[in-house]
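Colleague: Just so it is clear, I am handing over target_35.pdb, which has PDB, C-alpha atoms and all ligand atoms.
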```
MODEL        1
ATOM      1  CA  MET A 274     -19.223  10.345  19.210
ATOM      2  CA  PRO A 275     -21.195   7.080  18.839
ATOM      3  CA  MET A 276     -20.810   4.404  21.517
ATOM      4  CA  PHE A 277     -19.124   1.059  20.978
ATOM      5  CA  ASP A 278     -17.059  -1.334  23.056
ATOM      6  CA  TYR A 279     -13.287  -1.503  22.961
ATOM      7  CA  VAL A 280     -10.999  -4.407  23.825
ATOM      8  CA  ARG A 281      -7.259  -4.766  23.366
ATOM      9  CA  ALA A 282      -6.100  -8.174  22.068
ATOM     10  CA  LYS A 283      -2.772  -9.509  23.327
ATOM     11  CA  SER A 284      -2.221 -12.107  20.592
ATOM     12  CA  VAL A 285      -3.381 -12.965  17.084
ATOM     13  CA  ALA A 286      -5.268 -15.986  18.479
ATOM     14  CA  GLU A 287      -7.168 -13.787  20.930
ATOM     15  CA  ALA A 288      -7.950 -11.167  18.258
ATOM     16  CA  VAL A 289      -9.241 -13.831  15.855
ATOM     17  CA  GLU A 290     -11.447 -15.298  18.576
ATOM     18  CA  LEU A 291     -12.892 -11.874  19.458
ATOM     19  CA  LEU A 292     -13.491 -11.020  15.787
ATOM     20  CA  ALA A 293     -15.297 -14.361  15.281
ATOM     21  CA  ASP A 294     -17.718 -13.746  18.172
ATOM     22  CA  THR A 295     -21.208 -14.008  16.636
ATOM     23  CA  GLN A 296     -22.792 -12.250  19.662
ATOM     24  CA  CYS A 297     -20.964  -8.982  19.006
ATOM     25  CA  VAL A 298     -20.078  -7.470  15.614
ATOM     26  CA  SER A 299     -16.404  -6.564  15.913
ATOM     27  CA  ARG A 300     -13.875  -4.800  13.706
ATOM     28  CA  PRO A 301     -10.104  -4.570  14.046
ATOM     29  CA  LEU A 302      -8.673  -1.273  15.272
ATOM     30  CA  ALA A 303      -5.015  -0.482  14.580
ATOM     31  CA  GLY A 304      -3.991   3.204  14.557
ATOM     32  CA  GLY A 305      -7.586   4.394  14.300
ATOM     33  CA  THR A 306      -6.632   7.133  11.811
ATOM     34  CA  ASP A 307      -9.276   5.930   9.351
ATOM     35  CA  VAL A 308     -11.884   4.112  11.424
ATOM     36  CA  LEU A 309     -12.166   6.686  14.228
ATOM     37  CA  VAL A 310     -12.467   9.487  11.679
ATOM     38  CA  GLN A 311     -15.172   7.551   9.797
ATOM     39  CA  VAL A 312     -17.379   6.956  12.864
ATOM     40  CA  ARG A 313     -17.585  10.705  13.406
ATOM     41  CA  HIS A 314     -19.409  11.015  10.085
ATOM     42  CA  THR A 315     -21.174   7.674   9.627
ATOM     43  CA  PRO A 316     -22.816   5.522  12.317
ATOM     44  CA  PRO A 317     -20.616   2.478  12.985
ATOM     45  CA  THR A 318     -21.650  -0.887  11.563
ATOM     46  CA  PHE A 319     -19.878  -2.606  14.481
ATOM     47  CA  GLN A 320     -20.476  -2.908  18.217
ATOM     48  CA  ARG A 321     -16.880  -3.409  19.273
ATOM     49  CA  LEU A 322     -13.381  -2.458  18.162
ATOM     50  CA  VAL A 323     -10.667  -5.044  18.759
ATOM     51  CA  ASP A 324      -7.360  -3.220  19.178
ATOM     52  CA  VAL A 325      -4.609  -5.159  17.392
ATOM     53  CA  SER A 326      -2.008  -2.389  17.472
ATOM     54  CA  ARG A 327       0.180  -3.926  20.188
ATOM     55  CA  ILE A 328       0.141  -7.597  19.209
ATOM     56  CA  PRO A 329       3.835  -8.577  19.099
ATOM     57  CA  GLU A 330       3.414 -11.011  16.129
ATOM     58  CA  MET A 331       1.946  -8.130  14.111
ATOM     59  CA  LYS A 332       4.807  -5.739  14.864
ATOM     60  CA  ILE A 333       7.734  -7.642  13.322
ATOM     61  CA  ILE A 334       9.965  -6.420  10.506
ATOM     62  CA  GLU A 335      12.428  -9.132   9.574
ATOM     63  CA  ARG A 336      14.093 -11.064   6.806
ATOM     64  CA  GLN A 337      13.039 -14.722   6.599
ATOM     65  CA  GLY A 338      15.298 -16.394   4.025
ATOM     66  CA  ASP A 339      14.559 -14.799   0.636
ATOM     67  CA  GLU A 340      11.520 -12.947   1.948
ATOM     68  CA  ILE A 341      10.863  -9.819   3.948
ATOM     69  CA  CYS A 342       8.092  -9.983   6.535
ATOM     70  CA  VAL A 343       6.320  -6.828   7.759
ATOM     71  CA  GLY A 344       3.638  -7.072  10.457
ATOM     72  CA  ALA A 345       0.258  -5.510   9.640
ATOM     73  CA  ALA A 346       0.379  -3.383  12.816
ATOM     74  CA  VAL A 347       3.720  -1.817  11.872
ATOM     75  CA  THR A 348       3.371   1.976  11.706
ATOM     76  CA  TYR A 349       4.766   4.311   9.051
ATOM     77  CA  THR A 350       7.291   5.644  11.552
ATOM     78  CA  GLU A 351       8.524   2.105  12.231
ATOM     79  CA  ILE A 352       8.838   1.513   8.475
ATOM     80  CA  ILE A 353      10.823   4.733   8.023
ATOM     81  CA  GLU A 354      13.120   3.797  10.920
ATOM     82  CA  SER A 355      13.809   0.258   9.648
ATOM     83  CA  ALA A 356      17.294  -0.167   8.190
ATOM     84  CA  LEU A 357      16.164  -3.471   6.622
ATOM     85  CA  LEU A 358      13.281  -1.801   4.749
ATOM     86  CA  ARG A 359      15.413   1.164   3.703
ATOM     87  CA  GLU A 360      17.713  -1.375   2.081
ATOM     88  CA  THR A 361      15.131  -3.771   0.586
ATOM     89  CA  ALA A 362      11.926  -1.769   0.084
ATOM     90  CA  THR A 363      12.811   1.867  -0.635
ATOM     91  CA  CYS A 364       9.445   2.481  -2.337
ATOM     92  CA  LEU A 365       7.599   1.508   0.859
ATOM     93  CA  VAL A 366       9.842   3.717   3.013
ATOM     94  CA  GLU A 367       9.452   6.682   0.644
ATOM     95  CA  ALA A 368       5.660   6.237   0.610
ATOM     96  CA  SER A 369       5.628   6.102   4.428
ATOM     97  CA  ARG A 370       7.558   9.386   4.597
ATOM     98  CA  LEU A 371       4.797  11.033   2.556
ATOM     99  CA  VAL A 372       1.823   9.774   4.598
ATOM    100  CA  GLY A 373       0.066  12.496   6.626
ATOM    101  CA  GLY A 374       2.104  14.292   9.276
ATOM    102  CA  PRO A 375       4.112  12.892  12.219
ATOM    103  CA  ALA A 376       1.000  12.087  14.314
ATOM    104  CA  ILE A 377      -0.526  10.030  11.496
ATOM    105  CA  ALA A 378       2.830   8.350  10.756
ATOM    106  CA  ASN A 379       3.192   7.390  14.429
ATOM    107  CA  ALA A 380      -0.278   5.808  14.639
ATOM    108  CA  GLY A 381      -1.292   4.708  11.120
ATOM    109  CA  THR A 382      -0.407   1.179  10.079
ATOM    110  CA  LEU A 383       0.226  -0.652   6.842
ATOM    111  CA  GLY A 384      -2.521  -3.188   7.618
ATOM    112  CA  GLY A 385      -5.041  -0.411   8.243
ATOM    113  CA  ASN A 386      -4.078   1.281   4.980
ATOM    114  CA  VAL A 387      -4.694  -1.915   2.984
ATOM    115  CA  ALA A 388      -7.862  -2.973   4.846
ATOM    116  CA  ASN A 389      -9.386   0.487   4.504
ATOM    117  CA  GLY A 390      -9.244  -0.004   0.720
ATOM    118  CA  ALA A 391      -8.981   3.675  -0.291
ATOM    119  CA  ALA A 392      -7.949   4.224  -3.912
ATOM    120  CA  CYS A 393      -5.559   6.953  -2.741
ATOM    121  CA  ALA A 394      -3.822   4.751  -0.120
ATOM    122  CA  ASP A 395      -0.090   5.417  -0.306
ATOM    123  CA  GLY A 396       1.034   2.129   1.259
ATOM    124  CA  VAL A 397      -0.667  -0.086  -1.288
ATOM    125  CA  PRO A 398       1.156   0.657  -4.591
ATOM    126  CA  PRO A 399       4.547  -0.094  -2.975
ATOM    127  CA  LEU A 400       3.236  -3.421  -1.645
ATOM    128  CA  VAL A 401       1.906  -4.358  -5.097
ATOM    129  CA  CYS A 402       5.190  -3.196  -6.648
ATOM    130  CA  LEU A 403       7.044  -5.518  -4.255
ATOM    131  CA  ASP A 404       4.648  -8.386  -5.187
ATOM    132  CA  ALA A 405       3.551  -8.631  -1.555
ATOM    133  CA  LEU A 406       1.214 -11.239  -0.125
ATOM    134  CA  ALA A 407      -1.217 -10.330   2.650
ATOM    135  CA  HIS A 408      -1.484 -13.083   5.262
ATOM    136  CA  VAL A 409      -5.034 -13.229   6.548
ATOM    137  CA  ARG A 410      -6.327 -15.165   9.579
ATOM    138  CA  ASN A 411      -9.844 -15.931  10.706
ATOM    139  CA  SER A 412     -11.448 -18.595  12.889
ATOM    140  CA  ALA A 413     -11.458 -21.032   9.923
ATOM    141  CA  GLY A 414      -7.694 -20.784   9.290
ATOM    142  CA  ALA A 415      -5.078 -18.782   7.416
ATOM    143  CA  ARG A 416      -4.664 -17.779   3.782
ATOM    144  CA  ALA A 417      -2.181 -15.723   1.759
ATOM    145  CA  VAL A 418      -3.568 -13.370  -0.882
ATOM    146  CA  PRO A 419      -1.652 -11.101  -3.298
ATOM    147  CA  VAL A 420      -2.298  -7.555  -2.049
ATOM    148  CA  ALA A 421      -3.583  -6.538  -5.505
ATOM    149  CA  ASP A 422      -6.229  -9.295  -5.337
ATOM    150  CA  LEU A 423      -7.407  -8.133  -1.914
ATOM    151  CA  LEU A 424      -8.674  -4.851  -3.346
ATOM    152  CA  SER A 425     -11.909  -5.137  -5.284
ATOM    153  CA  GLY A 426     -12.664  -1.436  -5.889
ATOM    154  CA  PRO A 427     -12.645   1.979  -4.213
ATOM    155  CA  HIS A 428     -13.163   1.357  -0.465
ATOM    156  CA  GLU A 429     -13.962  -2.296  -1.191
ATOM    157  CA  THR A 430     -11.782  -5.237  -0.262
ATOM    158  CA  MET A 431     -12.162  -8.998  -0.377
ATOM    159  CA  LEU A 432     -11.791  -9.114   3.419
ATOM    160  CA  GLN A 433     -14.722 -10.790   5.161
ATOM    161  CA  ARG A 434     -16.106 -10.218   8.633
ATOM    162  CA  GLY A 435     -13.744 -11.886  11.114
ATOM    163  CA  ASP A 436     -10.669 -11.537   8.857
ATOM    164  CA  LEU A 437      -7.458 -10.154  10.318
ATOM    165  CA  ILE A 438      -4.405  -9.290   8.200
ATOM    166  CA  THR A 439      -1.525 -10.442  10.373
ATOM    167  CA  HIS A 440       1.461  -9.587   8.150
ATOM    168  CA  PHE A 441       2.774  -9.047   4.653
ATOM    169  CA  THR A 442       5.601 -10.891   2.929
ATOM    170  CA  PHE A 443       7.453 -10.075  -0.272
ATOM    171  CA  PRO A 444      10.448 -11.569  -2.065
ATOM    172  CA  VAL A 445      13.782  -9.810  -1.829
ATOM    173  CA  MET A 446      14.276  -8.035  -5.180
ATOM    174  CA  PRO A 447      17.102  -9.095  -7.538
ATOM    175  CA  ASP A 448      20.650  -7.864  -6.858
ATOM    176  CA  GLY A 449      21.104  -4.234  -7.798
ATOM    177  CA  ALA A 450      17.357  -3.554  -7.982
ATOM    178  CA  ARG A 451      16.126  -0.123  -6.882
ATOM    179  CA  SER A 452      12.654   1.127  -6.149
ATOM    180  CA  THR A 453      10.977   4.475  -5.637
ATOM    181  CA  PHE A 454       7.640   6.127  -4.848
ATOM    182  CA  ILE A 455       6.363   9.477  -6.092
ATOM    183  CA  LYS A 456       3.181  11.159  -4.965
ATOM    184  CA  LEU A 457       1.200  13.995  -6.465
ATOM    185  CA  GLY A 458      -1.137  15.769  -4.030
ATOM    186  CA  ARG A 459      -3.053  19.010  -4.027
ATOM    187  CA  ARG A 460      -0.448  20.557  -1.722
ATOM    188  CA  ASN A 461       2.998  19.656  -0.418
ATOM    189  CA  ALA A 462       2.226  18.609   3.191
ATOM    190  CA  GLN A 463      -0.494  16.292   4.603
ATOM    191  CA  ALA A 464      -1.916  15.767   1.117
ATOM    192  CA  ILE A 465      -4.032  12.847  -0.032
ATOM    193  CA  SER A 466      -2.660  11.371  -3.267
ATOM    194  CA  ARG A 467      -4.336  12.499  -6.459
ATOM    195  CA  LEU A 468      -1.968  10.142  -8.235
ATOM    196  CA  ASN A 469       1.092   8.229  -7.166
ATOM    197  CA  VAL A 470       3.521   5.727  -8.654
ATOM    198  CA  ALA A 471       5.630   2.969  -7.156
ATOM    199  CA  ALA A 472       8.300   1.660  -9.495
ATOM    200  CA  ALA A 473      11.199  -0.763  -9.286
ATOM    201  CA  GLY A 474      13.830  -2.013 -11.667
ATOM    202  CA  ALA A 475      17.231  -3.581 -12.229
ATOM    203  CA  LEU A 476      19.766  -3.582 -15.074
ATOM    204  CA  SER A 477      21.879  -6.409 -16.461
ATOM    205  CA  SER A 478      25.663  -6.082 -16.488
ATOM    206  CA  GLU A 479      25.258  -4.909 -20.132
ATOM    207  CA  GLY A 480      23.019  -2.079 -18.948
ATOM    208  CA  ARG A 481      19.706  -3.466 -20.197
ATOM    209  CA  VAL A 482      16.510  -3.624 -18.154
ATOM    210  CA  ILE A 483      16.043  -7.118 -16.713
ATOM    211  CA  PHE A 484      13.482  -6.327 -14.014
ATOM    212  CA  ALA A 485      10.743  -3.702 -14.060
ATOM    213  CA  ARG A 486       7.658  -2.931 -11.994
ATOM    214  CA  VAL A 487       5.325   0.013 -12.491
ATOM    215  CA  VAL A 488       2.301   0.492 -10.218
ATOM    216  CA  PRO A 489       0.316   3.720 -10.486
ATOM    217  CA  GLY A 490      -2.043   4.470  -7.583
ATOM    218  CA  SER A 491      -5.367   6.364  -7.831
ATOM    219  CA  ALA A 492      -5.259   5.753 -11.573
ATOM    220  CA  LEU A 493      -7.587   2.753 -11.984
ATOM    221  CA  PRO A 494     -10.684   1.616 -10.070
ATOM    222  CA  ARG A 495      -8.686  -1.518  -9.184
ATOM    223  CA  LEU A 496      -4.996  -1.120  -8.512
ATOM    224  CA  ARG A 497      -2.641  -3.385 -10.475
ATOM    225  CA  ARG A 498       0.836  -3.584 -11.942
ATOM    226  CA  PHE A 499       1.030  -1.969 -15.396
ATOM    227  CA  VAL A 500       2.485  -5.085 -16.999
ATOM    228  CA  GLU A 501       2.125  -3.525 -20.469
ATOM    229  CA  VAL A 502       4.591  -0.797 -19.419
ATOM    230  CA  GLU A 503       6.897  -3.251 -17.642
ATOM    231  CA  ASN A 504       7.064  -5.475 -20.753
ATOM    232  CA  MET A 505       8.045  -2.615 -23.022
ATOM    233  CA  LEU A 506      10.957  -1.778 -20.700
ATOM    234  CA  ILE A 507      12.438  -5.280 -20.517
ATOM    235  CA  GLY A 508      15.532  -5.723 -22.711
ATOM    236  CA  GLU A 509      15.854  -1.981 -23.417
ATOM    237  CA  ARG A 510      18.639   0.400 -22.471
ATOM    238  CA  PRO A 511      17.401   3.193 -20.179
ATOM    239  CA  SER A 512      17.117   6.539 -21.957
ATOM    240  CA  GLU A 513      15.019   9.700 -21.766
ATOM    241  CA  ALA A 514      13.106   8.548 -24.841
ATOM    242  CA  LEU A 515      12.335   5.187 -23.184
ATOM    243  CA  PHE A 516      11.060   6.856 -19.986
ATOM    244  CA  GLU A 517       8.833   9.231 -21.966
ATOM    245  CA  THR A 518       7.445   6.396 -24.107
ATOM    246  CA  ALA A 519       6.789   4.299 -20.989
ATOM    247  CA  GLY A 520       4.995   7.262 -19.385
ATOM    248  CA  ALA A 521       2.820   7.679 -22.466
ATOM    249  CA  GLU A 522       2.034   3.942 -22.483
ATOM    250  CA  ALA A 523       0.993   4.140 -18.793
ATOM    251  CA  SER A 524      -1.418   6.987 -19.607
ATOM    252  CA  ARG A 525      -2.796   5.096 -22.581
ATOM    253  CA  ALA A 526      -3.338   1.980 -20.409
ATOM    254  CA  MET A 527      -5.116   4.061 -17.754
ATOM    255  CA  VAL A 528      -7.482   5.743 -20.225
ATOM    256  CA  ALA A 529      -8.210   2.380 -21.893
ATOM    257  CA  VAL A 530      -9.749   1.276 -18.559
ATOM    258  CA  THR A 531     -11.269   4.488 -17.206
ATOM    259  CA  GLY A 532     -12.412   6.058 -20.474
ATOM    260  CA  ARG A 533     -12.349   9.844 -20.760
ATOM    261  CA  ARG A 534     -13.897  11.828 -17.907
ATOM    262  CA  TRP A 535     -13.519  15.272 -16.338
ATOM    263  CA  SER A 536     -10.185  14.446 -14.684
ATOM    264  CA  THR A 537      -8.613  12.645 -17.668
ATOM    265  CA  GLU A 538      -7.090  15.728 -19.244
ATOM    266  CA  TYR A 539      -5.118  16.344 -16.042
ATOM    267  CA  LYS A 540      -4.395  12.734 -15.048
ATOM    268  CA  GLU A 541      -3.192  11.686 -18.497
ATOM    269  CA  ILE A 542      -0.403  14.261 -18.544
ATOM    270  CA  ALA A 543       0.335  13.895 -14.823
ATOM    271  CA  LEU A 544       0.658  10.111 -14.950
ATOM    272  CA  GLN A 545       2.903  10.271 -17.996
ATOM    273  CA  GLY A 546       5.221  12.637 -16.145
ATOM    274  CA  LEU A 547       5.138  10.685 -12.871
ATOM    275  CA  VAL A 548       5.973   7.368 -14.518
ATOM    276  CA  ALA A 549       8.809   8.924 -16.527
ATOM    277  CA  ARG A 550      10.185  10.554 -13.358
ATOM    278  CA  ALA A 551       9.918   7.335 -11.339
ATOM    279  CA  LEU A 552      11.751   5.359 -14.036
ATOM    280  CA  ARG A 553      14.437   8.046 -14.246
ATOM    281  CA  GLN A 554      15.012   7.637 -10.491
ATOM    282  CA  VAL A 555      15.111   3.840 -10.679
ATOM    283  CA  PHE A 556      17.352   3.591 -13.758
ATOM    284  CA  THR A 557      19.704   6.537 -13.237
ATOM    285  CA  VAL A 558      21.163   7.128 -16.674
ATOM    286  CA  GLU A 559      24.811   8.013 -17.044
ATOM    287  CA  ASN A 560      25.273  10.315 -20.038
TER     288      ASN A 560
HETATM  289  C1  LIG B   1      -4.973  13.741   8.744
HETATM  290  C2  LIG B   1      -4.873  12.413   8.011
HETATM  291  C3  LIG B   1      -3.940  12.330   6.976
HETATM  292  C4  LIG B   1      -3.823  11.133   6.256
HETATM  293  N1  LIG B   1      -2.902  11.072   5.246
HETATM  294  C5  LIG B   1      -2.796   9.931   4.536
HETATM  295  C6  LIG B   1      -1.857   9.861   3.464
HETATM  296  O1  LIG B   1      -1.126  10.799   3.158
HETATM  297  N2  LIG B   1      -1.789   8.678   2.780
HETATM  298  C7  LIG B   1      -2.574   7.613   3.099
HETATM  299  O2  LIG B   1      -2.463   6.564   2.450
HETATM  300  N3  LIG B   1      -3.454   7.651   4.117
HETATM  301  C8  LIG B   1      -3.587   8.790   4.825
HETATM  302  N4  LIG B   1      -4.500   8.850   5.857
HETATM  303  C9  LIG B   1      -5.342   7.694   6.126
HETATM  304  C10 LIG B   1      -4.810   6.738   7.230
HETATM  305  O3  LIG B   1      -3.925   7.387   8.094
HETATM  306  C11 LIG B   1      -4.121   5.493   6.623
HETATM  307  O4  LIG B   1      -4.977   4.830   5.734
HETATM  308  C12 LIG B   1      -3.634   4.533   7.720
HETATM  309  O5  LIG B   1      -2.692   3.648   7.182
HETATM  310  C13 LIG B   1      -4.762   3.706   8.345
HETATM  311  O6  LIG B   1      -4.179   2.830   9.289
HETATM  312  P1  LIG B   1      -4.754   2.685  10.772
HETATM  313  O7  LIG B   1      -3.859   1.748  11.477
HETATM  314  O8  LIG B   1      -4.951   4.006  11.402
HETATM  315  O9  LIG B   1      -6.161   2.007  10.443
HETATM  316  P2  LIG B   1      -7.509   1.966  11.331
HETATM  317  O10 LIG B   1      -8.179   3.294  11.251
HETATM  318  O11 LIG B   1      -7.232   1.419  12.685
HETATM  319  O12 LIG B   1      -8.324   0.913  10.491
HETATM  320  C14 LIG B   1      -8.708   1.184   9.150
HETATM  321  C15 LIG B   1      -9.576   0.014   8.633
HETATM  322  O13 LIG B   1      -8.796  -1.157   8.513
HETATM  323  C16 LIG B   1      -9.291  -2.201   9.380
HETATM  324  N5  LIG B   1      -8.073  -2.844   9.893
HETATM  325  C17 LIG B   1      -7.060  -2.264  10.575
HETATM  326  N6  LIG B   1      -6.069  -3.148  10.776
HETATM  327  C18 LIG B   1      -6.481  -4.320  10.221
HETATM  328  C19 LIG B   1      -5.899  -5.611  10.109
HETATM  329  N7  LIG B   1      -4.678  -5.885  10.582
HETATM  330  N8  LIG B   1      -6.603  -6.578   9.475
HETATM  331  C20 LIG B   1      -7.847  -6.336   8.980
HETATM  332  N9  LIG B   1      -8.443  -5.125   9.051
HETATM  333  C21 LIG B   1      -7.760  -4.125   9.661
HETATM  334  C22 LIG B   1     -10.163  -1.513  10.403
HETATM  335  O14 LIG B   1     -11.175  -2.352  10.903
HETATM  336  C23 LIG B   1     -10.724  -0.362   9.583
HETATM  337  O15 LIG B   1     -11.774  -0.822   8.775
HETATM  338  C24 LIG B   1      -4.637  10.028   6.593
HETATM  339  C25 LIG B   1      -5.557  10.120   7.662
HETATM  340  C26 LIG B   1      -5.677  11.294   8.356
HETATM  341  C27 LIG B   1      -6.662  11.377   9.489
ENDMDL
END
```
Please render this file's structure as structure tokens.
Modeller:
Amino acid sequence: MPMFDYVRAKSVAEAVELLADTQCVSRPLAGGTDVLVQVRHTPPTFQRLVDVSRIPEMKIIERQGDEICVGAAVTYTEIIESALLRETATCLVEASRLVGGPAIANAGTLGGNVANGAACADGVPPLVCLDALAHVRNSAGARAVPVADLLSGPHETMLQRGDLITHFTFPVMPDGARSTFIKLGRRNAQAISRLNVAAAGALSSEGRVIFARVVPGSALPRLRRFVEVENMLIGERPSEALFETAGAEASRAMVAVTGRRWSTEYKEIALQGLVARALRQVFTVEN
């Protein structure tokens, strides 16, 4: 195991100061389930890890007016156990239930999942589906960035040296809205996503779609909402035919970006099915 220093920060201010230290290249450490695995294979590009996992400001889960606030150091287990998130962010809770096993869920954090920038990250599609902002602090100040804009490509983010994600916020969804998350892995337990989908939606009192979000993960080099699919749902009455057409449109939109490659034959059919299934769960149709 390579050598590096370790320090535990007690507050966001202290963490930001340590990360800004020009004498010592530092990186945040939360659950360590990505970074400590990586340093076993690749020599670290840092001299010190700044542990942010116990900073109280980064552990909150609360409603603030019309927004939900989730600290970046909140673990998957804490997400699963939150009654507020079960009520307002089902897709995030369902994704958290599918991350790794209990040990990973107890240690791994939402902030670490986003900052690590993996295309297969399960926490990210739900955050994009919820239209979440990442709140980032460094020694120059604070900024809020849409989570989708923070990711620039596989294992690449727009985070700079010294940046710390402190928390995420997202608006409370419209009344009656539901959300879901579905993951396709190579096996049932402890599987990394080959594809996943976060989806959300709401119906008008006449039973037509008035709110729709569809966010496939591991489908594009840069994760985003599939607005083309969302737009074709708006104003329609949920039906099997609509879900299947929306699934086909999602596959078409994916291939339009990625082109055809060795995995397309599989992913095209799989994504179509996942999107249709996610929409079926969100807009349960009464026959
Ligand atoms: C066995 C195993 C199974 C796994 N299964 C899954 C899975 O099913 N789905 C999935 O998505 N992931 C999975 N992972 C990956 C990992 O658990 C997640 O990505 C987890 O959310 C990472 O969070 P962490 O707190 O452990 O991050 P860390 O390892 O502590 O940090 C990861 C990166 O983010 C940076 N960072 C951490 N916190 C912040 C912050 N607040 N601000 C700025 N930068 C920060 C670190 O410097 C580092 O670069 C698995 C990992 C293992 C080992």
Colleague: Give me, please, the distance in Å between atom O15 of ligand LIG 1 (chain B) and CA of Leu496 (chain A), quoted to one decimal.
Modeller: 18.6 Å
Colleague: Determine the residue membership of the PyMOL selection byres (((not hetatm)) within 6 of (chain B and resi 1)) for the file above and supply it as a PyMOL selection string.
Modeller: chain A and resi 300-308+345+371-373+377+380-386+388-389+394-396+436-439+463-465
Colleague: Please indicate the distance in Å from CA of Leu292 (chain A) to CA of Val420 (chain A), rounded to one decimal place.
Modeller: 21.3 Å
Colleague: Pick out the closest residue to Phe441 (chain A) from this set: A:Ala471, A:Ile334, A:Ala415, A:Ile542. Count all atoms listed in the file.
Modeller: A:Ile334
Colleague: Give me, as CSV, each residue of region 386-435 of chain A that comes within 10 Å of region 481-486 of chain A, together with its shortest interatomic pair and the distance in Å at one decimal, counting all atoms listed in the file, with rows ordered by chain and rising residue number.
Modeller:
```
residue,atom,partner,partner_atom,distance
A:Pro399,CA,A:Arg486,CA,10.0
A:Val401,CA,A:Arg486,CA,9.1
A:Cys402,CA,A:Arg486,CA,5.9
A:Leu403,CA,A:Arg486,CA,8.2
A:Asp404,CA,A:Arg486,CA,9.2
```
Colleague: Name the closest residue to Val289 (chain A) among the candidates A:Leu432, A:Glu330, A:Asn411, A:Ala523; distances are taken between atoms, counting only C-alpha atoms.
Modeller: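 Smallest distance to Val289 (chain A) is found for A:Asn411.
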Colleague: Please, what distance in Å, to one decimal, runs between CA of Gln554 (chain A) and CA of Pro511 (chain A)?
Modeller: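 Pair CA of Gln554 (chain A) / CA of Pro511 (chain A) returns 10.9 Å.
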Colleague: Would you translate the PyMOL selection byres (((chain A and resi 552) around 12) and not hetatm) into the concrete set of residues it matches in this file, as a PDB file with C-alpha atoms, in the frame of the given file?
Modeller:
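Everything below was put into result16.pdb:
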```pdb
ATOM      1  CA  ARG A 451      16.126  -0.123  -6.882  1.00  0.00           C
ATOM      2  CA  SER A 452      12.654   1.127  -6.149  1.00  0.00           C
ATOM      3  CA  THR A 453      10.977   4.475  -5.637  1.00  0.00           C
ATOM      4  CA  PHE A 454       7.640   6.127  -4.848  1.00  0.00           C
ATOM      5  CA  ILE A 455       6.363   9.477  -6.092  1.00  0.00           C
ATOM      6  CA  VAL A 470       3.521   5.727  -8.654  1.00  0.00           C
ATOM      7  CA  ALA A 471       5.630   2.969  -7.156  1.00  0.00           C
ATOM      8  CA  ALA A 472       8.300   1.660  -9.495  1.00  0.00           C
ATOM      9  CA  ALA A 473      11.199  -0.763  -9.286  1.00  0.00           C
ATOM     10  CA  GLY A 474      13.830  -2.013 -11.667  1.00  0.00           C
ATOM     11  CA  ALA A 475      17.231  -3.581 -12.229  1.00  0.00           C
ATOM     12  CA  VAL A 482      16.510  -3.624 -18.154  1.00  0.00           C
ATOM     13  CA  PHE A 484      13.482  -6.327 -14.014  1.00  0.00           C
ATOM     14  CA  ALA A 485      10.743  -3.702 -14.060  1.00  0.00           C
ATOM     15  CA  ARG A 486       7.658  -2.931 -11.994  1.00  0.00           C
ATOM     16  CA  VAL A 487       5.325   0.013 -12.491  1.00  0.00           C
ATOM     17  CA  VAL A 488       2.301   0.492 -10.218  1.00  0.00           C
ATOM     18  CA  VAL A 502       4.591  -0.797 -19.419  1.00  0.00           C
ATOM     19  CA  GLU A 503       6.897  -3.251 -17.642  1.00  0.00           C
ATOM     20  CA  LEU A 506      10.957  -1.778 -20.700  1.00  0.00           C
ATOM     21  CA  ARG A 510      18.639   0.400 -22.471  1.00  0.00           C
ATOM     22  CA  PRO A 511      17.401   3.193 -20.179  1.00  0.00           C
ATOM     23  CA  SER A 512      17.117   6.539 -21.957  1.00  0.00           C
ATOM     24  CA  GLU A 513      15.019   9.700 -21.766  1.00  0.00           C
ATOM     25  CA  ALA A 514      13.106   8.548 -24.841  1.00  0.00           C
ATOM     26  CA  LEU A 515      12.335   5.187 -23.184  1.00  0.00           C
ATOM     27  CA  PHE A 516      11.060   6.856 -19.986  1.00  0.00           C
ATOM     28  CA  GLU A 517       8.833   9.231 -21.966  1.00  0.00           C
ATOM     29  CA  THR A 518       7.445   6.396 -24.107  1.00  0.00           C
ATOM     30  CA  ALA A 519       6.789   4.299 -20.989  1.00  0.00           C
ATOM     31  CA  GLY A 520       4.995   7.262 -19.385  1.00  0.00           C
ATOM     32  CA  ALA A 523       0.993   4.140 -18.793  1.00  0.00           C
ATOM     33  CA  GLN A 545       2.903  10.271 -17.996  1.00  0.00           C
ATOM     34  CA  GLY A 546       5.221  12.637 -16.145  1.00  0.00           C
ATOM     35  CA  LEU A 547       5.138  10.685 -12.871  1.00  0.00           C
ATOM     36  CA  VAL A 548       5.973   7.368 -14.518  1.00  0.00           C
ATOM     37  CA  ALA A 549       8.809   8.924 -16.527  1.00  0.00           C
ATOM     38  CA  ARG A 550      10.185  10.554 -13.358  1.00  0.00           C
ATOM     39  CA  ALA A 551       9.918   7.335 -11.339  1.00  0.00           C
ATOM     40  CA  ARG A 553      14.437   8.046 -14.246  1.00  0.00           C
ATOM     41  CA  GLN A 554      15.012   7.637 -10.491  1.00  0.00           C
ATOM     42  CA  VAL A 555      15.111   3.840 -10.679  1.00  0.00           C
ATOM     43  CA  PHE A 556      17.352   3.591 -13.758  1.00  0.00           C
ATOM     44  CA  THR A 557      19.704   6.537 -13.237  1.00  0.00           C
ATOM     45  CA  VAL A 558      21.163   7.128 -16.674  1.00  0.00           C
TER      46      VAL A 558
END
```
Colleague: Expanded to explicit residues, what is the PyMOL selection byres (((chain A and resi 342) around 12) and not hetatm) for this file, as a PyMOL selection string?
Modeller: chain A and resi 330-341+343-347+352+357-358+361-362+400+403+405-408+439-445
